[in-house]
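Student: Got a structure here, written out as structure tokens. Questions coming.
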Amino acid sequence: MARPSERQCVQTLKLRLQEGLRQFDTAELTVTLGTEVWLSYAREVMGYGESAQAPENNQYRLDLVVFDVAAGGRTRIPRVAIEFKLDTVTGNDAIAYNEKARNYRIIYPYLRCWLLVLNWGSSSLPARLVRAVPDLAHVGVSQGLEPTEEELCEIAAHLGEDIDASRKLQALLLENRKSAKTIHRYLRRKLIFG
């Protein structure tokens, strides 16, 4: 049997995760996953005035994106963007993913960006990788091409935490302009090892 491609591995993981993420649905929002999603990283305004062109919309393709879909299904809010690699990740890959995450958050300041390396084996995360990705919310490895049930449960739980964090951050950013806003005293970013 032929080895599955990265695209096939991501599609399989999407199907395995979708049901586990239903617990994060709300009355107004449904969590859904999309593969090979084009997501904007820049909007370039070419001018102002009546004859100005529409802004240019620059996009990168992502392997997997977790969305909140608002009631009616017309509005998709990206919550978590995940890039995948198989077997290994180079320093250049990591730097590129980190830069993409930084660019995405200009457009979506509440977006959580991840890097998952499948078929990593039993080795620990390398220090060079951790150093290269300070703007990613999550960096993880899976021993095989398909995460074990234990790894899948961990991924789903971490996704749930980041979906919640993204929702709260978006609310804070939007409410900040209102007079009757929730008062927040701190924002703390956890560093968790597992």
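Just so we're on the same page: first chain in the structure tokens is A, next is B, and so on; residues restart at 1 for each chain, and ligands are numbered from 1 in the order they show up.
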Hey, what does DSSP flag as alpha helix (DSSP H) within region 6-167 of chain A? Can you give it to me as number ranges by chain?
Tutor: A: 6-20, 91-107, 127-132, 149-167
Student: Near Val10 (chain A), counting only C-alpha atoms, which residues have an atom at most 9 Å away, once you skip same-chain residues fewer than 4 positions from it, shown as a list in words?
Tutor: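 Listing them by chain and then by number gives Ser5, Glu6, Lys14, Leu15, Thr35, Asp63, Leu64, Phe84 and Glu146 of chain A.
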Student: For the atom pair CA of Thr182 (chain A) and CA of Ala165 (chain A), what is the interatomic distance in Å to one decimal place?
Tutor: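 That distance, rounded to one decimal, is 15.5 Å.
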Student: Taking only C-alpha atoms into account, produce a table as JSON lines in which each residue of region 10-82 of chain A with an atom at most 12 Å from an atom of region 135-145 of chain A appears once, together with its shortest atom pair and the distance in Å to one decimal, ordered by chain and rising number.
Tutor:
```
{"residue": "A:Val10", "atom": "CA", "partner": "A:Leu145", "partner_atom": "CA", "distance": 9.5}
{"residue": "A:Gln11", "atom": "CA", "partner": "A:Leu145", "partner_atom": "CA", "distance": 11.8}
{"residue": "A:Thr12", "atom": "CA", "partner": "A:Leu145", "partner_atom": "CA", "distance": 10.0}
{"residue": "A:Leu13", "atom": "CA", "partner": "A:Leu145", "partner_atom": "CA", "distance": 9.7}
{"residue": "A:Arg79", "atom": "CA", "partner": "A:Ala137", "partner_atom": "CA", "distance": 11.5}
{"residue": "A:Val80", "atom": "CA", "partner": "A:Ala137", "partner_atom": "CA", "distance": 9.2}
{"residue": "A:Ala81", "atom": "CA", "partner": "A:Leu136", "partner_atom": "CA", "distance": 9.8}
{"residue": "A:Ile82", "atom": "CA", "partner": "A:His138", "partner_atom": "CA", "distance": 9.1}
```
Student: Neighbours of region 168-181 of chain A within 9 Å (only C-alpha atoms; same-chain residues fewer than 2 positions away dropped), as a list in words?
Tutor: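 Counting only the stated atoms, we get Tyr108, Pro109, Tyr110, Leu111, Ile163, Asp164, Ala165, Ser166, Ile183 and His184 of chain A.
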Student: Could you write out the selected residues, including all heavy atoms, as a CSV table (one decimal), in the first residue's frame?
Tutor:
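So the final result, stored in part-v9.csv, reads:
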```csv
chain,number,residue,atom,x,y,z
A,108,TYR,N,-6.6,39.1,11.0
A,108,TYR,CA,-7.4,38.4,12.0
A,108,TYR,C,-6.7,38.3,13.3
A,108,TYR,O,-6.0,37.3,13.7
A,108,TYR,CB,-7.7,36.9,11.6
A,108,TYR,CG,-8.1,36.7,10.2
A,108,TYR,CD1,-7.2,36.3,9.2
A,108,TYR,CD2,-9.4,37.0,9.8
A,108,TYR,CE1,-7.6,36.2,7.9
A,108,TYR,CE2,-9.8,36.8,8.4
A,108,TYR,CZ,-8.9,36.4,7.5
A,108,TYR,OH,-9.2,36.3,6.2
A,109,PRO,N,-6.7,39.4,14.1
A,109,PRO,CA,-5.9,39.5,15.3
A,109,PRO,C,-6.2,38.4,16.4
A,109,PRO,O,-5.4,38.2,17.3
A,109,PRO,CB,-6.1,40.9,15.9
A,109,PRO,CG,-7.4,41.3,15.2
A,109,PRO,CD,-7.5,40.6,13.9
A,110,TYR,N,-7.3,37.8,16.3
A,110,TYR,CA,-7.8,36.7,17.2
A,110,TYR,C,-7.4,35.3,16.7
A,110,TYR,O,-7.7,34.3,17.4
A,110,TYR,CB,-9.3,36.8,17.4
A,110,TYR,CG,-10.0,36.9,16.1
A,110,TYR,CD1,-10.3,35.8,15.3
A,110,TYR,CD2,-10.4,38.1,15.5
A,110,TYR,CE1,-10.9,35.9,14.1
A,110,TYR,CE2,-11.0,38.2,14.3
A,110,TYR,CZ,-11.3,37.1,13.6
A,110,TYR,OH,-11.9,37.2,12.4
A,111,LEU,N,-6.8,35.2,15.6
A,111,LEU,CA,-6.5,33.9,15.0
A,111,LEU,C,-5.4,33.2,15.7
A,111,LEU,O,-4.4,33.8,16.1
A,111,LEU,CB,-6.1,34.0,13.5
A,111,LEU,CG,-5.9,32.7,12.7
A,111,LEU,CD1,-7.1,31.9,12.6
A,111,LEU,CD2,-5.3,33.1,11.4
A,163,ILE,N,-10.0,27.7,20.4
A,163,ILE,CA,-11.3,28.2,19.8
A,163,ILE,C,-11.9,29.2,20.9
A,163,ILE,O,-12.3,30.3,20.6
A,163,ILE,CB,-12.3,27.1,19.5
A,163,ILE,CG1,-11.8,26.3,18.3
A,163,ILE,CG2,-13.7,27.6,19.3
A,163,ILE,CD1,-12.6,25.0,18.1
A,164,ASP,N,-11.9,28.8,22.1
A,164,ASP,CA,-12.4,29.6,23.2
A,164,ASP,C,-11.6,30.9,23.4
A,164,ASP,O,-12.1,32.0,23.5
A,164,ASP,CB,-12.4,28.8,24.5
A,164,ASP,CG,-13.0,29.6,25.7
A,164,ASP,OD1,-14.2,30.1,25.5
A,164,ASP,OD2,-12.4,29.7,26.7
A,165,ALA,N,-10.2,30.7,23.3
A,165,ALA,CA,-9.3,31.9,23.4
A,165,ALA,C,-9.6,32.9,22.3
A,165,ALA,O,-9.6,34.1,22.5
A,165,ALA,CB,-7.9,31.4,23.5
A,166,SER,N,-9.7,32.3,21.1
A,166,SER,CA,-10.0,33.2,19.9
A,166,SER,C,-11.3,34.0,20.0
A,166,SER,O,-11.4,35.1,19.7
A,166,SER,CB,-10.0,32.3,18.6
A,166,SER,OG,-10.3,33.1,17.5
A,183,ILE,N,-14.8,44.7,31.5
A,183,ILE,CA,-13.5,45.2,32.0
A,183,ILE,C,-12.6,43.9,32.1
A,183,ILE,O,-12.9,43.0,32.8
A,183,ILE,CB,-13.6,45.9,33.3
A,183,ILE,CG1,-14.6,47.1,33.2
A,183,ILE,CG2,-12.3,46.3,33.8
A,183,ILE,CD1,-14.2,48.1,32.2
A,184,HIS,N,-11.5,44.0,31.4
A,184,HIS,CA,-10.5,42.9,31.5
A,184,HIS,C,-9.2,43.6,32.1
A,184,HIS,O,-8.8,44.7,31.8
A,184,HIS,CB,-10.1,42.4,30.1
A,184,HIS,CG,-11.2,41.8,29.4
A,184,HIS,ND1,-11.6,40.5,29.6
A,184,HIS,CD2,-12.1,42.2,28.4
A,184,HIS,CE1,-12.7,40.2,28.9
A,184,HIS,NE2,-13.0,41.2,28.1
```
Student: Check the DSSP output for the backbone and give back, as a PyMOL selection string, the residues of region 15-164 of chain A in strand (DSSP E).
Tutor: chain A and resi 29-44+56-70+76-86+112-118+138-141
Student: For Gly73 (chain A), find every residue with an atom within 12 Å (counting only C-alpha atoms), except residues of its own chain fewer than 6 positions away, and show them as a list of chain:residue names.
Tutor: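 Within the cut-off, the hits are A:Glu28, A:Leu29, A:Thr30, A:Val31, A:Thr32, A:Phe67.
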Student: For CA of Glu83 (chain A) and CA of Ile155 (chain A), determine how far apart the two atoms are, in Å to one decimal place.
Tutor: 13.6 Å
Student: Taking into account only C-alpha atoms, which residue in the set A:Leu129, A:Ala27, A:Leu86, A:Leu33 is nearest to Ala70 (chain A)?
Tutor: A:Ala27
Student: Pick the closest to Ser122 (chain A) from A:Arg76, A:Asp87, A:Gly34, A:Asp162: which is it, counting only C-alpha atoms?
Tutor: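 Of all the options, A:Asp87 lies closest to Ser122 (chain A).
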Student: By how many Å are CA of Pro4 (chain A) and CA of Tyr104 (chain A) apart?
Tutor: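 A separation of 28.8 Å between them.
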Student: Pick out the closest residue to Glu36 (chain A) from this set: A:Ile192, A:Val117, A:Leu152, A:Leu62. Count only C-alpha atoms.
Tutor: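 The answer is A:Leu62, which sits nearest to Glu36 (chain A).
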Student: Using only C-alpha atoms, which of the listed residues (A:Ala42, A:Val89, A:Ile106, A:Ala156) sits closest to Gln18 (chain A)?
Tutor: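 Looking only at the distances to Gln18 (chain A), the closest residue turns out to be A:Ala156.
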